[in-house]
Amino acid sequence: MNYPSKILPNPIYKLISCDLSDCYLIRFTHSKKREDIFDEELNQVKQIHICDPSGNMNDLSTSLLGVFETPFIQIELSQLGKESYNFPCDPDISIEVPVFQKDFTINESRGFWVILINDINETTVDYTKGGIDTKFKATCIIQHTPMKWNYWHFSIRWRTEEGFWHTLNDNQKKKMSKRLAHEARANIAKFAKVEEPNYSQLNHSDYCKL
Amino acid sequence: MPTPAAHINEFNTHQQIVWSLKENNIGSGSTGLLLDNFSKEGVVFFHSMQPGFNENYFGTFNSVLISNSDRKFINFKKSFKKQFESMSVYFSGLTFEEANEKLSFSLGSLLNTNPDVISMELTHEKSIFYTVKKKDYTFFIQHFLNEIGEEEDETILTIFKGDNKLPSYAGSLLQTISELNILLEPASTLKLELEIHELSV
């Protein structure tokens, strides 16, 4: 099995900064059986499949659907692969293509959920805290965060009045961690789908240097 | 096995029981919420789940005396047990009984809102995540379970009306349920019920 090299960073690539409202983010689930991952009565993704235990709801990893196709969510980095490739990087670095079995395997049991960026990007959280006359505000931001294994890696992050959540110190993080994690869960549960949507490809000029 | 009526008479005379009637239970088959302060687990439960014979009566009352709310409550309790067993590693510092007691209170309160649809799932964040749909509203309620002796459990409420997001709310479980209830049924007696429960413990 060859690694899809088109999803790796590339010297001709740049950071994506165009409007992505009509694009979809995709994230893997640990099962591809619809009855496992989707609650038909509620018409929404089951909570347990929104994020795995090692994931961080406040800074959630996804990929931009397009060049990154739905079958690619079955790529699973090995421990060695993680040590070599599971790091953020510049979009235009040259990188060796991961090797099957050594750096990655295919996990065929994986499914996915997708979410339209427009449904969550710039969503503002406005909290009233019970019993105390304080307000808390945060905004959901979708950021392009290329990784060595995947140029199309995007993060669902939160900008608070004190800065981006992931850049805060531990004390500041702890204060708002539960609320932001909850908000991420709720927004994804509300809008995520488990069917492959009709999606369009970005123009080359949106991610390639001129 | 005693008949339900016979068993009601078997209540310990020293047992302190608070019955709280709800308008919206009229005709539902349920006469209300029983708060049993003598129960070993100290849990809130519905009258058809009487102390000491919960499991024995499951099936006996089936479809005859158990209201939909009661049945949902029982099914959620079973689901909770299963989920807790498989995820107990994420609920360190809490025994099943302690977590079960916390669940009983939040679940009972939410079922009292007569939701159109409700789901309950445990998360890896030591919390119970409820989704409640009623009318045009979707409510996401996350009940974070603190260890006994720690500060009061925090509960967070996110609200959508259709696809439009409304301001969220964070507070104690009582405050959050009260907030939810104000949205759904401004004149509801739920708040009063909760206050009665607080006074009785």
# chains A, B, ... in the order shown; residues from 1 in each chain; ligands from 1
>>> closest_atom_pairs(of="chain B", to="chain A", cutoff="12 Å", atoms="only C-alpha atoms", output="JSON lines")
{"residue": "B:Gln83", "atom": "CA", "partner": "A:Ile48", "partner_atom": "CA", "distance": 10.6}
{"residue": "B:Met87", "atom": "CA", "partner": "A:Pro53", "partner_atom": "CA", "distance": 10.4}
{"residue": "B:Val89", "atom": "CA", "partner": "A:Pro53", "partner_atom": "CA", "distance": 10.9}
{"residue": "B:Tyr90", "atom": "CA", "partner": "A:Pro53", "partner_atom": "CA", "distance": 8.9}
{"residue": "B:Pro115", "atom": "CA", "partner": "A:Leu42", "partner_atom": "CA", "distance": 11.8}
{"residue": "B:Asp116", "atom": "CA", "partner": "A:Leu42", "partner_atom": "CA", "distance": 9.9}
{"residue": "B:Val117", "atom": "CA", "partner": "A:Leu42", "partner_atom": "CA", "distance": 6.9}
{"residue": "B:Ile118", "atom": "CA", "partner": "A:Leu42", "partner_atom": "CA", "distance": 7.8}
{"residue": "B:Ser119", "atom": "CA", "partner": "A:Leu42", "partner_atom": "CA", "distance": 7.7}
{"residue": "B:Met120", "atom": "CA", "partner": "A:Gln47", "partner_atom": "CA", "distance": 9.3}
{"residue": "B:Glu121", "atom": "CA", "partner": "A:Gln47", "partner_atom": "CA", "distance": 6.8}
{"residue": "B:Leu122", "atom": "CA", "partner": "A:Ile48", "partner_atom": "CA", "distance": 7.6}
{"residue": "B:Thr123", "atom": "CA", "partner": "A:Ile48", "partner_atom": "CA", "distance": 6.3}
{"residue": "B:His124", "atom": "CA", "partner": "A:Pro53", "partner_atom": "CA", "distance": 5.7}
{"residue": "B:Glu125", "atom": "CA", "partner": "A:Pro53", "partner_atom": "CA", "distance": 8.3}
{"residue": "B:Lys126", "atom": "CA", "partner": "A:Lys178", "partner_atom": "CA", "distance": 10.5}
{"residue": "B:Ser127", "atom": "CA", "partner": "A:Lys178", "partner_atom": "CA", "distance": 9.9}
{"residue": "B:Ile128", "atom": "CA", "partner": "A:Gln47", "partner_atom": "CA", "distance": 10.2}
{"residue": "B:Phe129", "atom": "CA", "partner": "A:Gln47", "partner_atom": "CA", "distance": 7.7}
{"residue": "B:Tyr130", "atom": "CA", "partner": "A:Gln47", "partner_atom": "CA", "distance": 9.4}
{"residue": "B:Thr131", "atom": "CA", "partner": "A:Leu42", "partner_atom": "CA", "distance": 8.0}
{"residue": "B:Val132", "atom": "CA", "partner": "A:Leu42", "partner_atom": "CA", "distance": 8.7}
{"residue": "B:Lys133", "atom": "CA", "partner": "A:Leu42", "partner_atom": "CA", "distance": 7.9}
{"residue": "B:Lys134", "atom": "CA", "partner": "A:Leu42", "partner_atom": "CA", "distance": 11.1}
{"residue": "B:Tyr137", "atom": "CA", "partner": "A:Lys190", "partner_atom": "CA", "distance": 11.4}
{"residue": "B:Thr138", "atom": "CA", "partner": "A:Lys190", "partner_atom": "CA", "distance": 8.4}
{"residue": "B:Phe139", "atom": "CA", "partner": "A:Ala186", "partner_atom": "CA", "distance": 8.6}
{"residue": "B:Phe140", "atom": "CA", "partner": "A:Ala186", "partner_atom": "CA", "distance": 6.0}
{"residue": "B:Ile141", "atom": "CA", "partner": "A:His182", "partner_atom": "CA", "distance": 8.5}
{"residue": "B:Gln142", "atom": "CA", "partner": "A:His182", "partner_atom": "CA", "distance": 6.9}
{"residue": "B:His143", "atom": "CA", "partner": "A:His182", "partner_atom": "CA", "distance": 9.9}
{"residue": "B:Phe144", "atom": "CA", "partner": "A:Lys178", "partner_atom": "CA", "distance": 8.4}
{"residue": "B:Leu145", "atom": "CA", "partner": "A:Lys178", "partner_atom": "CA", "distance": 11.6}
{"residue": "B:Asp153", "atom": "CA", "partner": "A:Lys178", "partner_atom": "CA", "distance": 11.8}
{"residue": "B:Glu154", "atom": "CA", "partner": "A:Lys178", "partner_atom": "CA", "distance": 9.0}
{"residue": "B:Thr155", "atom": "CA", "partner": "A:Arg179", "partner_atom": "CA", "distance": 9.3}
{"residue": "B:Ile156", "atom": "CA", "partner": "A:Arg179", "partner_atom": "CA", "distance": 6.9}
{"residue": "B:Leu157", "atom": "CA", "partner": "A:His182", "partner_atom": "CA", "distance": 8.5}
{"residue": "B:Thr158", "atom": "CA", "partner": "A:Ala186", "partner_atom": "CA", "distance": 6.9}
{"residue": "B:Ile159", "atom": "CA", "partner": "A:Ala186", "partner_atom": "CA", "distance": 8.8}
{"residue": "B:Phe160", "atom": "CA", "partner": "A:Lys190", "partner_atom": "CA", "distance": 8.6}
{"residue": "B:Lys161", "atom": "CA", "partner": "A:Lys190", "partner_atom": "CA", "distance": 11.1}
{"residue": "B:Gly162", "atom": "CA", "partner": "A:Lys190", "partner_atom": "CA", "distance": 10.0}
{"residue": "B:Asp163", "atom": "CA", "partner": "A:Lys190", "partner_atom": "CA", "distance": 8.1}
{"residue": "B:Asn164", "atom": "CA", "partner": "A:Asp119", "partner_atom": "CA", "distance": 10.0}
{"residue": "B:Lys165", "atom": "CA", "partner": "A:Thr123", "partner_atom": "CA", "distance": 8.5}
{"residue": "B:Leu166", "atom": "CA", "partner": "A:Asp126", "partner_atom": "CA", "distance": 8.3}
{"residue": "B:Pro167", "atom": "CA", "partner": "A:Asp126", "partner_atom": "CA", "distance": 5.2}
{"residue": "B:Ser168", "atom": "CA", "partner": "A:Tyr127", "partner_atom": "CA", "distance": 4.7}
{"residue": "B:Tyr169", "atom": "CA", "partner": "A:Thr128", "partner_atom": "CA", "distance": 4.9}
{"residue": "B:Ala170", "atom": "CA", "partner": "A:Lys129", "partner_atom": "CA", "distance": 4.8}
{"residue": "B:Gly171", "atom": "CA", "partner": "A:Gly130", "partner_atom": "CA", "distance": 4.3}
{"residue": "B:Ser172", "atom": "CA", "partner": "A:Gly130", "partner_atom": "CA", "distance": 7.0}
{"residue": "B:Leu173", "atom": "CA", "partner": "A:Gly130", "partner_atom": "CA", "distance": 9.7}
{"residue": "B:Leu174", "atom": "CA", "partner": "A:Gly130", "partner_atom": "CA", "distance": 9.6}
{"residue": "B:Gln175", "atom": "CA", "partner": "A:Gly130", "partner_atom": "CA", "distance": 6.3}
{"residue": "B:Thr176", "atom": "CA", "partner": "A:Gly130", "partner_atom": "CA", "distance": 7.5}
{"residue": "B:Ile177", "atom": "CA", "partner": "A:Gly130", "partner_atom": "CA", "distance": 10.9}
{"residue": "B:Ser178", "atom": "CA", "partner": "A:Gly130", "partner_atom": "CA", "distance": 10.3}
{"residue": "B:Glu179", "atom": "CA", "partner": "A:Gly130", "partner_atom": "CA", "distance": 9.0}
>>> write_last_selection(atoms="C-alpha atoms", output="short mmCIF file (atom, residue, chain, number, x, y, z; two decimals), in the first residue's frame")
data_model
loop_
_atom_site.label_atom_id
_atom_site.label_comp_id
_atom_site.auth_asym_id
_atom_site.auth_seq_id
_atom_site.Cartn_x
_atom_site.Cartn_y
_atom_site.Cartn_z
CA GLN B 83 -21.25 2.22 30.24
CA MET B 87 -15.38 3.36 31.22
CA VAL B 89 -11.06 4.09 34.30
CA TYR B 90 -12.19 7.61 33.34
CA PRO B 115 -38.53 15.56 26.59
CA ASP B 116 -39.52 14.46 23.10
CA VAL B 117 -36.20 12.60 22.84
CA ILE B 118 -33.42 12.17 25.37
CA SER B 119 -30.09 10.35 25.29
CA MET B 120 -27.47 9.76 27.95
CA GLU B 121 -23.81 8.93 27.35
CA LEU B 122 -20.73 8.89 29.52
CA THR B 123 -17.68 10.77 28.26
CA HIS B 124 -13.97 10.37 28.82
CA GLU B 125 -14.11 13.66 30.72
CA LYS B 126 -15.70 12.13 33.84
CA SER B 127 -19.10 13.42 32.89
CA ILE B 128 -22.57 12.40 31.81
CA PHE B 129 -23.62 13.98 28.53
CA TYR B 130 -27.32 14.33 27.87
CA THR B 131 -29.00 15.42 24.67
CA VAL B 132 -32.57 16.54 25.15
CA LYS B 133 -34.92 17.51 22.33
CA LYS B 134 -38.18 19.21 23.00
CA TYR B 137 -35.08 23.12 21.11
CA THR B 138 -32.03 20.92 21.37
CA PHE B 139 -30.29 20.98 24.74
CA PHE B 140 -26.86 19.56 25.38
CA ILE B 141 -26.28 19.09 29.09
CA GLN B 142 -22.98 17.89 30.50
CA HIS B 143 -22.95 16.89 34.14
CA PHE B 144 -19.35 16.79 35.40
CA LEU B 145 -19.02 14.38 38.31
CA ASP B 153 -20.73 19.19 40.47
CA GLU B 154 -20.63 21.61 37.56
CA THR B 155 -23.25 21.30 34.85
CA ILE B 156 -23.10 23.05 31.49
CA LEU B 157 -26.00 23.71 29.20
CA THR B 158 -25.80 24.55 25.49
CA ILE B 159 -29.02 25.45 23.73
CA PHE B 160 -30.06 25.47 20.09
CA LYS B 161 -33.40 26.67 18.82
CA GLY B 162 -33.57 25.07 15.40
CA ASP B 163 -30.02 25.57 14.14
CA ASN B 164 -29.58 28.84 16.00
CA LYS B 165 -27.36 28.81 19.01
CA LEU B 166 -28.59 30.57 22.14
CA PRO B 167 -26.41 31.72 25.06
CA SER B 168 -25.00 28.86 27.12
CA TYR B 169 -25.18 28.43 30.85
CA ALA B 170 -22.85 26.97 33.46
CA GLY B 171 -23.64 26.39 37.09
CA SER B 172 -24.56 23.80 39.66
CA LEU B 173 -26.87 21.00 38.61
CA LEU B 174 -29.80 22.63 40.39
CA GLN B 175 -29.16 26.00 38.79
CA THR B 176 -28.79 24.52 35.33
CA ILE B 177 -31.90 22.36 35.54
CA SER B 178 -33.79 25.37 36.80
CA GLU B 179 -32.53 27.44 33.86
#
>>> select_by_dssp(residues="segment 21-117 of chain A", states="helix (DSSP H, G or I)", output="count of residues only")
23
>>> atom_distance(atom1="atom CA of Gln201 of chain A", atom2="atom CA of Phe100 of chain A")
26.9 Å
>>> atom_distance(atom1="atom CA of Lys209 of chain A", atom2="atom CA of Ile93 of chain A")
12.9 Å
>>> select_by_dssp(residues="segment 38-155 of chain A", states="strand (DSSP E or B)", output="ChimeraX atom specification")
/A:38-39,44-45,60-65,68,75-77,88,100,104-106,111-116,124-129,135-144,147,150,153-155
